[in-house]
Amino acid sequence: MKLPPRSRCSLPPEGAQASLGRPGARPEAKEVIARRVAQEFQDGYVVNLGIGLPTLVPRYLPAGMHITLQSENGFLGLAPLEGEPLPGVVNAGGQPCGLMPGAAMFDSAMSFALIRGGHVDVTVLGGLQVDEEGNLANWMVPGKMVPGMGGAMDLVTGARKVIVAMEHCTKEGEPRILDRCTLPLTAKGRVAMVITELAVFRITHGEFVLIEHAPGATVNDVRAKTKARFAVSDELKTMNLG
Amino acid sequence: MKLPPRSRCSLPPEGAQASLGRPGARPEAKEVIARRVAQEFQDGYVVNLGIGLPTLVPRYLPAGMHITLQSENGFLGLAPLEGEPLPGVVNAGGQPCGLMPGAAMFDSAMSFALIRGGHVDVTVLGGLQVDEEGNLANWMVPGKMVPGMGGAMDLVTGARKVIVAMEHCTKEGEPRILDRCTLPLTAKGRVAMVITELAVFRITHGEFVLIEHAPGATVNDVRAKTKARFAVSDELKTMNLG
Amino acid sequence: MALDKQVDWSDVGPLFRDGISVMFGGFMGVGTPDGLVSLLREQGTKNLTLIGNDTAAPETGVGPLISDGHVKKVVVSHIGTNPVTGKKMIAGELDVDLVPQGTLAERIRCGGAGLGGVLTPTGVGTVVEEGKAKMVVDGKTFLVELPLRADVAILKAKRADRAGNLVYERAARNFNPIMALAADLVIAEVDEIVDVGEIDPDLVMTPAALVDKIVLARRQ
Amino acid sequence: MALDKQVDWSDVGPLFRDGISVMFGGFMGVGTPDGLVSLLREQGTKNLTLIGNDTAAPETGVGPLISDGHVKKVVVSHIGTNPVTGKKMIAGELDVDLVPQGTLAERIRCGGAGLGGVLTPTGVGTVVEEGKAKMVVDGKTFLVELPLRADVAILKAKRADRAGNLVYERAARNFNPIMALAADLVIAEVDEIVDVGEIDPDLVMTPAALVDKIVLARRQ
């Protein structure tokens with residue numbers, strides 16, 4: 001099977017929503033976020049990563065920690081491409097990738113049985129907006145961008161833990177963490193954590209709680225850039241990015 | 001894998017309903033029925049046969065006609081056992097069997113996707129009772145026998161054509177073709193044909209029509225042993241068993 | 001992936017507690033993990049709810065568990081081949097929930113796939129519809145059948161790698177793959193354990209991510 | 001089984017009529033039968049309804065069919081990688097029905113498995129729920145999603161035997177196996193055709209009984 005000229009596909013399925021609104025992102029912000037997300041992973045986790053920033057996370061895992069990446073197009077055991085592309089070995093963006101030893105391939109019904117059935121421990125996705133009820137909007141901007149939800153709605157609905165990894169504000173400086181999402185939702189009340197370069201929030205029992213802030217930042221700095229009500233954890237910490 | 005001592009299982013899953021009430025069956029009646037059922041098959045058909053009488057049908061197929069037998073425990077391409085039993089190669093009764101070249105194995109969800117989804121052209125099952133609305137009862141006798149429906153309800157509901165192959169009367173001489181089934185139904189209005197040693201009925205658009213009778217029998221003979229109202233086809237024929 | 005999920009038989013026993021629900025692979029005992037069934041017997045586990053295709057025969061598949069009184073309830077499509085099941089049911093010693101085979105497969109799949117239920121035409125107009133919601137779609141009536149899950153699934157496979165990828169043999173596959181999705185703890189008894197990477201990814205029938213423990217079948 | 005389902009490319013053309021609905025395997029074009037897509041283009045088939053995961057890119061997968069105006073409607077989970085789809089949608093030249101990917105898979109599976117629908121939590125509280133029935137099961141809300149079928153399914157497999165048993169390669173499997181269940185006519189484009197009996201029954205991914213025609217992919 002000859003591979004189609006996939007390099008011309010500039011935006012892979014989840015790429016559209018994940019990368020939207022973040023063209024001017026400073027590399028440091030992305031790195032900070034990815035490093036902090038990595039701390040949420042545990043040995044043996046099955047993880048689905050949205051395209052863009054979330055795919056940076058594995059490089060910050062501690063040595064010896066093994067996770068299994070699920071790819072919604074139908075397999076477990078996604079790995080970086082090494083050597084020549086192999087027929088049919090592509091990620092959910094259609095780009096050539098590798099397979100871990102012990103990988104397993106399956107069809108789309110099984111792929112989403114895994115996703116919807118709680119067999120994915122964590123999904124990390126980009127967001128356009130998150131609100132204090134744990135709602136996420138990341139799949140369309142009416143009148144501007146209607147890429148389709150792809151697998152995002154199933155992932156956010158079905159993964160055991162949903163982490164939104166995004167820059168704190170839009171490139172225009174507008175808060176993305178709101179009292180109420182204004183964009184069409186991807187799923188209702190499913191976000192467990194929001195990790196930005198400025199702050200880490202946990203959402204439990206419908207309560208939005210600030211648990212960490214960036215080194216050098218204050219709670220007031222976070223408030224100034226956040227349009228959601230949030231509680232401050234008794235154990236508020238500074239993000240450890242070492 | 002060592003095969004469990006399956007020879008002690010006297011009644012395979014569909015066996016209970018298929019063989020019930022027919023212990024005194026004359027071998028000729030069974031042969032007549034099986035021969036007549038075979039005439040309903042076409043080259044390339046996918047067929048699921050209930051245990052008992054229906055399994056005799058393939059031996060009466062014309063030379064050169066190929067059908068594929070579906071086995072509800074998870075494969076297409078059931079064949080008679082030749083040589084030693086092979087691990088895991090068993091029919092729906094748990095008995096060792098063979099595989100046709102080109103056989104395909106799958107799980108139970110797929111097996112019933114095929115059955116329920118209309119991918120089985122014909123199913124042939126035994127019956128306890130059939131009524132003039134095309135209802136079939138063949139899975140339990142309250143207070144006497146509750147074997148469970150196994151795959152019978154799905155088969156009768158989902159196969160494209162349902163043929164009931166049974167002796168015309170019970171061993172006590174009671175009609176089995178009734179105006180209304182008195183036993184719990186297997187499925188409602190799904191029987192397309194009833195083939196007995198005495199008569200062949202077709203059920204179309206809710207009409208029960210006698211289309212053939214046994215050589216030497218008359219329509220009145222059929223009426224005497226049938227408790228359902230039926231029309232007589234304009235093209236009434238004598239069963240051709242040559 | 002790098003985790004080695006093989007455990008000793010002695011590690012498995014403590015995972016079985018009285019009163020648990022157990023999904024078991026197999027069809028007339030073929031594809032049933034005989035060693036795990038024996039273990040449940042040997043350690044005298046009580047009040048089990050068994051979910052699977054059939055109760056096989058008194059000395060086949062899960063039959064011995066029923067004969068010896070370890071089971072309070074079965075959810076199956078067929079009991080006709082095991083007279084002990086019928087006797088215990090009539091004597092009021094065993095609760096029997098009969099489910100059409102295709103519906104049983106779909107309910108287990110729903111339980112494992114995060115689905116709230118499925119609409120099936122099977123059972124409409126029969127006793128199976130009693131107490132169930134119905135829906136009409138395009139003029140056709142369907143029953144709403146609800147998900148099934150279990151505390152533990154016990155599976156039988158031909159081969160596993162150490163991470164838990166499973167390959168089944170012939171018709172011994174049957175209910176095993178869908179049960180791997182639908183239980184909180186999934187234990188597979190296998191005839192052969194190979195190193196990770198020895199099973200071609202295209203040939204894996206149950207992915208390792210679904211399997212918690214693997215145990216090597218005892219030679220019989 | 002003994003039927004040889006291999007046909008020539010010239011036999012396939014007449015099977016495609018204007019206005020038909022076509023399910024196509026593939027994910028971003030991987031697993032899409034490029035030869036069958038080209039054939040639909042070459043013979044100028046019009047007013048197609050395409051059902052599949054995505055519209056790939058303008059020159060990949062089913063993209064060219066959209067670019068060249070053969071399509072009146074798509075039912076897909078994603079169009080973001082093909083700007084032509086978006087443009088035609090905005091211009092009112094193309095009807096786009098967006099379905100969450102897991103829901104799309106289940107709807108196709110329902111269509112092929114004789115199920116009247118499925119209850120999924122995906123889309124609850126979003127625009128996806130508009131116009132759909134809801135059911136509450138165990139306190140949780142689900143959408144009732146209905147079956148999808150097509151007139152024709154076009155599949156891509158790595159290998160077939162002459163009877164039509166199919167084997168897919170790696171992630172090129174995706175939607176192909178479930179579409180094989182859900183169309184009135186199923187045509188598979190394959191890289192290799194072998195004799196019946198050469199594929200181990202355990203390794204068959206789509207059974208021959210579901211496949212009507214097989215055609216050998218042209219070397220590119």
# chains A, B, ... in the order shown; residues from 1 in each chain; ligands from 1

$ residues_around --residues "Val141 of chain B" --least-positions-apart "4" --cutoff "10 Å" --atoms "only C-alpha atoms" --output "ChimeraX atom specification"
/B:17,20,128,137,145-147,182-184

$ residues_around --residues "segment 213-221 of chain B" --least-positions-apart "3" --cutoff "9 Å" --atoms "only C-alpha atoms" --output "ChimeraX atom specification"
/B:196-201,210,224-226,232,236-241

$ write_last_selection --atoms "N, CA, C and O atoms" --output "mmCIF file, in the first residue's frame"
data_model
loop_
_atom_site.group_PDB
_atom_site.id
_atom_site.type_symbol
_atom_site.label_atom_id
_atom_site.label_comp_id
_atom_site.auth_asym_id
_atom_site.auth_seq_id
_atom_site.Cartn_x
_atom_site.Cartn_y
_atom_site.Cartn_z
ATOM 1 N N THR B 196 -43.597 -29.803 6.687
ATOM 2 C CA THR B 196 -43.787 -31.042 7.445
ATOM 3 C C THR B 196 -43.758 -32.217 6.461
ATOM 4 O O THR B 196 -43.606 -32.016 5.259
ATOM 5 N N GLU B 197 -43.918 -33.406 6.995
ATOM 6 C CA GLU B 197 -43.920 -34.570 6.105
ATOM 7 C C GLU B 197 -45.222 -34.638 5.304
ATOM 8 O O GLU B 197 -45.318 -35.377 4.323
ATOM 9 N N LEU B 198 -46.195 -33.825 5.689
ATOM 10 C CA LEU B 198 -47.510 -33.870 5.052
ATOM 11 C C LEU B 198 -47.782 -32.672 4.141
ATOM 12 O O LEU B 198 -48.519 -32.781 3.164
ATOM 13 N N ALA B 199 -47.184 -31.549 4.478
ATOM 14 C CA ALA B 199 -47.579 -30.330 3.770
ATOM 15 C C ALA B 199 -46.496 -29.253 3.809
ATOM 16 O O ALA B 199 -45.607 -29.292 4.662
ATOM 17 N N VAL B 200 -46.610 -28.337 2.857
ATOM 18 C CA VAL B 200 -45.752 -27.162 2.842
ATOM 19 C C VAL B 200 -46.640 -25.922 2.814
ATOM 20 O O VAL B 200 -47.512 -25.802 1.944
ATOM 21 N N PHE B 201 -46.425 -25.038 3.798
ATOM 22 C CA PHE B 201 -47.183 -23.784 3.858
ATOM 23 C C PHE B 201 -46.238 -22.609 3.649
ATOM 24 O O PHE B 201 -45.087 -22.643 4.100
ATOM 25 N N LEU B 210 -51.445 -23.054 1.826
ATOM 26 C CA LEU B 210 -50.946 -24.409 1.524
ATOM 27 C C LEU B 210 -50.452 -24.409 0.084
ATOM 28 O O LEU B 210 -51.223 -24.115 -0.847
ATOM 29 N N ALA B 224 -57.485 -31.940 8.201
ATOM 30 C CA ALA B 224 -57.835 -32.767 9.358
ATOM 31 C C ALA B 224 -56.755 -32.707 10.437
ATOM 32 O O ALA B 224 -57.027 -32.891 11.614
ATOM 33 N N LYS B 225 -55.545 -32.450 10.014
ATOM 34 C CA LYS B 225 -54.441 -32.450 10.986
ATOM 35 C C LYS B 225 -53.895 -31.060 11.265
ATOM 36 O O LYS B 225 -52.792 -30.909 11.816
ATOM 37 N N THR B 226 -54.593 -30.039 10.819
ATOM 38 C CA THR B 226 -54.099 -28.663 10.940
ATOM 39 C C THR B 226 -55.176 -27.820 11.618
ATOM 40 O O THR B 226 -56.319 -27.818 11.184
ATOM 41 N N VAL B 232 -55.681 -22.223 0.074
ATOM 42 C CA VAL B 232 -55.034 -23.223 -0.774
ATOM 43 C C VAL B 232 -54.554 -22.506 -2.029
ATOM 44 O O VAL B 232 -55.318 -21.785 -2.688
ATOM 45 N N LEU B 236 -51.335 -25.229 -6.251
ATOM 46 C CA LEU B 236 -51.075 -26.335 -5.320
ATOM 47 C C LEU B 236 -50.401 -27.502 -6.037
ATOM 48 O O LEU B 236 -50.826 -27.909 -7.117
ATOM 49 N N LYS B 237 -49.340 -27.999 -5.409
ATOM 50 C CA LYS B 237 -48.574 -29.070 -6.031
ATOM 51 C C LYS B 237 -48.397 -30.233 -5.072
ATOM 52 O O LYS B 237 -48.611 -30.101 -3.867
ATOM 53 N N THR B 238 -47.962 -31.344 -5.643
ATOM 54 C CA THR B 238 -47.545 -32.465 -4.814
ATOM 55 C C THR B 238 -46.058 -32.295 -4.521
ATOM 56 O O THR B 238 -45.292 -31.895 -5.403
ATOM 57 N N MET B 239 -45.653 -32.531 -3.263
ATOM 58 C CA MET B 239 -44.242 -32.394 -2.900
ATOM 59 C C MET B 239 -43.392 -33.277 -3.802
ATOM 60 O O MET B 239 -43.683 -34.459 -3.979
ATOM 61 N N ASN B 240 -42.352 -32.664 -4.350
ATOM 62 C CA ASN B 240 -41.436 -33.412 -5.211
ATOM 63 C C ASN B 240 -40.238 -33.835 -4.372
ATOM 64 O O ASN B 240 -39.435 -33.004 -3.961
ATOM 65 N N LEU B 241 -40.131 -35.095 -4.096
ATOM 66 C CA LEU B 241 -39.067 -35.560 -3.200
ATOM 67 C C LEU B 241 -38.031 -36.398 -3.927
ATOM 68 O O LEU B 241 -37.230 -37.104 -3.314
#

$ interface_residues --of "chain D" --to "chain C" --cutoff "10 Å" --atoms "only C-alpha atoms" --output "VMD selection string"
chain D and resid 106 110 113 to 122 135 to 138 140 to 147 167 to 171 173 200 to 205

$ closest_residue --among "D:Gly112, D:Ala153, D:Leu36, D:Glu129" --to "chain B" --atoms "only C-alpha atoms"
D:Gly112

$ interface_residues --of "chain A" --to "chain C" --cutoff "8 Å" --atoms "only C-alpha atoms" --output "PyMOL selection string"
chain A and resi 44+46+66-68+76-77+101-106+112-119+158

$ write_last_selection --atoms "all heavy atoms" --output "compact mmCIF listing (two decimals), in the first residue's frame"
# COMPACT_ATOMS: atom_id res chain seq x y z
N GLY A 44 1.68 2.79 33.86
CA GLY A 44 0.64 1.87 33.40
C GLY A 44 -0.59 2.55 32.83
O GLY A 44 -1.48 1.89 32.31
N VAL A 46 -3.29 4.33 30.52
CA VAL A 46 -3.66 4.41 29.11
C VAL A 46 -4.10 5.84 28.86
O VAL A 46 -4.97 6.36 29.56
CB VAL A 46 -4.80 3.43 28.78
CG1 VAL A 46 -5.26 3.61 27.34
CG2 VAL A 46 -4.35 1.99 29.05
N HIS A 66 6.11 4.05 32.28
CA HIS A 66 5.56 3.59 31.02
C HIS A 66 4.08 3.90 30.93
O HIS A 66 3.31 3.53 31.81
CB HIS A 66 5.76 2.08 30.85
CG HIS A 66 7.19 1.71 30.63
ND1 HIS A 66 8.04 1.38 31.66
CD2 HIS A 66 7.93 1.64 29.50
CE1 HIS A 66 9.24 1.12 31.17
NE2 HIS A 66 9.21 1.28 29.86
N ILE A 67 3.71 4.55 29.87
CA ILE A 67 2.29 4.74 29.61
C ILE A 67 1.99 4.15 28.23
O ILE A 67 2.91 3.90 27.45
CB ILE A 67 1.89 6.23 29.64
CG1 ILE A 67 2.65 7.01 28.56
CG2 ILE A 67 2.12 6.84 31.02
CD1 ILE A 67 2.08 8.37 28.27
N THR A 68 0.72 3.90 27.97
CA THR A 68 0.31 3.40 26.66
C THR A 68 -0.56 4.46 26.02
O THR A 68 -1.54 4.90 26.61
CB THR A 68 -0.50 2.09 26.80
OG1 THR A 68 0.32 1.12 27.45
CG2 THR A 68 -0.92 1.57 25.45
N LEU A 76 -3.74 0.82 20.27
CA LEU A 76 -3.07 1.14 21.52
C LEU A 76 -1.58 0.90 21.28
O LEU A 76 -1.20 -0.10 20.67
CB LEU A 76 -3.54 0.21 22.63
CG LEU A 76 -4.88 0.55 23.28
CD1 LEU A 76 -5.55 -0.68 23.87
CD2 LEU A 76 -4.70 1.62 24.37
N GLY A 77 -0.75 1.80 21.78
CA GLY A 77 0.69 1.60 21.63
C GLY A 77 1.32 2.52 20.60
O GLY A 77 2.26 2.13 19.92
N PRO A 101 6.31 -2.00 21.16
CA PRO A 101 6.15 -3.44 21.28
C PRO A 101 4.93 -3.72 22.17
O PRO A 101 4.72 -3.02 23.16
CB PRO A 101 7.42 -3.89 22.01
CG PRO A 101 8.39 -2.76 21.84
CD PRO A 101 7.57 -1.50 21.72
N GLY A 102 4.11 -4.67 21.75
CA GLY A 102 2.89 -4.94 22.52
C GLY A 102 1.70 -4.10 22.08
O GLY A 102 0.66 -4.09 22.73
N ALA A 103 1.84 -3.40 20.96
CA ALA A 103 0.71 -2.62 20.43
C ALA A 103 -0.40 -3.56 19.97
O ALA A 103 -0.17 -4.75 19.73
CB ALA A 103 1.19 -1.76 19.26
N ALA A 104 -1.60 -3.01 19.87
CA ALA A 104 -2.75 -3.79 19.41
C ALA A 104 -3.62 -2.91 18.51
O ALA A 104 -3.91 -1.77 18.86
CB ALA A 104 -3.57 -4.29 20.59
N MET A 105 -4.00 -3.45 17.36
CA MET A 105 -4.84 -2.71 16.41
C MET A 105 -6.28 -3.21 16.50
O MET A 105 -6.53 -4.38 16.81
CB MET A 105 -4.36 -2.94 14.97
CG MET A 105 -2.86 -3.03 14.77
SD MET A 105 -1.88 -1.61 15.38
CE MET A 105 -2.28 -0.37 14.15
N PHE A 106 -7.24 -2.33 16.19
CA PHE A 106 -8.65 -2.73 16.20
C PHE A 106 -9.45 -1.76 15.35
O PHE A 106 -8.89 -0.78 14.83
CB PHE A 106 -9.19 -2.77 17.64
CG PHE A 106 -8.56 -1.77 18.57
CD1 PHE A 106 -8.93 -0.44 18.50
CD2 PHE A 106 -7.55 -2.14 19.45
CE1 PHE A 106 -8.34 0.50 19.34
CE2 PHE A 106 -6.94 -1.20 20.28
CZ PHE A 106 -7.34 0.12 20.22
N PHE A 112 -13.70 3.21 20.09
CA PHE A 112 -14.57 4.07 20.88
C PHE A 112 -15.28 3.32 22.00
O PHE A 112 -15.76 3.94 22.95
CB PHE A 112 -15.51 4.86 19.97
CG PHE A 112 -14.77 6.02 19.36
CD1 PHE A 112 -14.02 5.83 18.21
CD2 PHE A 112 -14.71 7.24 19.98
CE1 PHE A 112 -13.26 6.87 17.67
CE2 PHE A 112 -13.97 8.29 19.46
CZ PHE A 112 -13.24 8.10 18.31
N ALA A 113 -15.32 2.00 21.92
CA ALA A 113 -15.74 1.22 23.09
C ALA A 113 -14.72 1.46 24.20
O ALA A 113 -15.08 1.65 25.36
CB ALA A 113 -15.83 -0.27 22.76
N LEU A 114 -13.46 1.49 23.84
CA LEU A 114 -12.41 1.76 24.83
C LEU A 114 -12.53 3.18 25.38
O LEU A 114 -12.44 3.41 26.58
CB LEU A 114 -11.02 1.58 24.20
CG LEU A 114 -10.64 0.16 23.77
CD1 LEU A 114 -9.32 0.16 23.01
CD2 LEU A 114 -10.54 -0.76 24.99
N ILE A 115 -12.74 4.13 24.49
CA ILE A 115 -12.79 5.54 24.89
C ILE A 115 -14.03 5.82 25.74
O ILE A 115 -13.95 6.40 26.82
CB ILE A 115 -12.77 6.44 23.63
CG1 ILE A 115 -11.35 6.42 23.01
CG2 ILE A 115 -13.23 7.85 23.94
CD1 ILE A 115 -11.25 7.08 21.64
N ARG A 116 -15.17 5.40 25.25
CA ARG A 116 -16.44 5.71 25.93
C ARG A 116 -16.62 4.87 27.18
O ARG A 116 -17.27 5.28 28.14
CB ARG A 116 -17.60 5.46 24.95
CG ARG A 116 -18.76 6.35 25.11
CD ARG A 116 -19.93 5.85 24.31
NE ARG A 116 -19.70 5.72 22.89
CZ ARG A 116 -19.37 4.56 22.27
NH1 ARG A 116 -19.21 3.44 22.94
NH2 ARG A 116 -19.21 4.54 20.98
N GLY A 117 -16.01 3.67 27.16
CA GLY A 117 -16.21 2.72 28.25
C GLY A 117 -15.31 2.92 29.44
O GLY A 117 -15.27 2.08 30.33
N GLY A 118 -14.56 4.01 29.47
CA GLY A 118 -13.73 4.29 30.64
C GLY A 118 -12.43 3.50 30.67
O GLY A 118 -11.81 3.34 31.72
N HIS A 119 -12.00 3.01 29.52
CA HIS A 119 -10.75 2.24 29.48
C HIS A 119 -9.54 3.13 29.19
O HIS A 119 -8.41 2.63 29.12
CB HIS A 119 -10.87 1.12 28.46
CG HIS A 119 -12.05 0.24 28.69
ND1 HIS A 119 -12.10 -0.69 29.70
CD2 HIS A 119 -13.27 0.17 28.09
CE1 HIS A 119 -13.28 -1.30 29.69
NE2 HIS A 119 -14.01 -0.80 28.73
N GLY A 158 -16.00 10.12 27.84
CA GLY A 158 -15.72 8.77 28.32
C GLY A 158 -14.44 8.54 29.08
O GLY A 158 -14.34 7.58 29.85

$ closest_residue --among "D:Ala157, D:Val74, D:Ala133, D:Ala150" --to "Asp184 of chain D" --atoms "only C-alpha atoms"
D:Ala150

$ select_by_dssp --residues "segment 36-164 of chain A" --states "helix (DSSP H, G or I)" --output "list of chain:residue names"
A:Arg36, A:Val37, A:Ala38, A:Leu53, A:Pro54, A:Thr55, A:Leu56, A:Val57, A:Pro58, A:Arg59, A:Tyr60, A:Ser108, A:Ala109, A:Met110, A:Ser111, A:Phe112, A:Ala113, A:Leu114, A:Ile115, A:Arg116, A:Ala152, A:Met153, A:Asp154, A:Leu155, A:Val156, A:Thr157, A:Gly158

$ decode --residues "segment 35-48 of chain B" --atoms "N, CA and C atoms" --output "PDB file, in the first residue's frame"
ATOM      1  N   ARG B  35     -35.448 -33.355   2.920  1.00  0.00           N
ATOM      2  CA  ARG B  35     -35.357 -33.284   1.459  1.00  0.00           C
ATOM      3  C   ARG B  35     -36.107 -32.069   0.910  1.00  0.00           C
ATOM      4  N   ARG B  36     -37.277 -31.826   1.471  1.00  0.00           N
ATOM      5  CA  ARG B  36     -38.080 -30.710   0.967  1.00  0.00           C
ATOM      6  C   ARG B  36     -37.459 -29.362   1.351  1.00  0.00           C
ATOM      7  N   VAL B  37     -36.919 -29.283   2.556  1.00  0.00           N
ATOM      8  CA  VAL B  37     -36.269 -28.031   2.982  1.00  0.00           C
ATOM      9  C   VAL B  37     -35.100 -27.715   2.057  1.00  0.00           C
ATOM     10  N   ALA B  38     -34.354 -28.756   1.672  1.00  0.00           N
ATOM     11  CA  ALA B  38     -33.166 -28.547   0.840  1.00  0.00           C
ATOM     12  C   ALA B  38     -33.513 -27.798  -0.450  1.00  0.00           C
ATOM     13  N   GLN B  39     -34.734 -27.969  -0.938  1.00  0.00           N
ATOM     14  CA  GLN B  39     -35.139 -27.308  -2.186  1.00  0.00           C
ATOM     15  C   GLN B  39     -35.251 -25.790  -2.036  1.00  0.00           C
ATOM     16  N   GLU B  40     -35.288 -25.325  -0.795  1.00  0.00           N
ATOM     17  CA  GLU B  40     -35.404 -23.879  -0.564  1.00  0.00           C
ATOM     18  C   GLU B  40     -34.053 -23.176  -0.599  1.00  0.00           C
ATOM     19  N   PHE B  41     -32.975 -23.939  -0.605  1.00  0.00           N
ATOM     20  CA  PHE B  41     -31.649 -23.318  -0.550  1.00  0.00           C
ATOM     21  C   PHE B  41     -31.181 -22.913  -1.942  1.00  0.00           C
ATOM     22  N   GLN B  42     -30.363 -21.889  -1.989  1.00  0.00           N
ATOM     23  CA  GLN B  42     -29.777 -21.449  -3.256  1.00  0.00           C
ATOM     24  C   GLN B  42     -28.273 -21.359  -3.110  1.00  0.00           C
ATOM     25  N   ASP B  43     -27.606 -21.460  -4.232  1.00  0.00           N
ATOM     26  CA  ASP B  43     -26.152 -21.399  -4.239  1.00  0.00           C
ATOM     27  C   ASP B  43     -25.685 -20.104  -3.566  1.00  0.00           C
ATOM     28  N   GLY B  44     -24.725 -20.232  -2.651  1.00  0.00           N
ATOM     29  CA  GLY B  44     -24.170 -19.052  -2.005  1.00  0.00           C
ATOM     30  C   GLY B  44     -24.878 -18.639  -0.726  1.00  0.00           C
ATOM     31  N   TYR B  45     -25.972 -19.302  -0.401  1.00  0.00           N
ATOM     32  CA  TYR B  45     -26.719 -18.945   0.803  1.00  0.00           C
ATOM     33  C   TYR B  45     -25.870 -19.121   2.075  1.00  0.00           C
ATOM     34  N   VAL B  46     -26.110 -18.215   3.017  1.00  0.00           N
ATOM     35  CA  VAL B  46     -25.601 -18.373   4.381  1.00  0.00           C
ATOM     36  C   VAL B  46     -26.761 -18.907   5.214  1.00  0.00           C
ATOM     37  N   VAL B  47     -26.535 -20.038   5.877  1.00  0.00           N
ATOM     38  CA  VAL B  47     -27.626 -20.768   6.504  1.00  0.00           C
ATOM     39  C   VAL B  47     -27.276 -21.097   7.956  1.00  0.00           C
ATOM     40  N   ASN B  48     -28.237 -20.940   8.835  1.00  0.00           N
ATOM     41  CA  ASN B  48     -28.060 -21.408  10.209  1.00  0.00           C
ATOM     42  C   ASN B  48     -29.086 -22.505  10.472  1.00  0.00           C
TER      43      ASN B  48
END
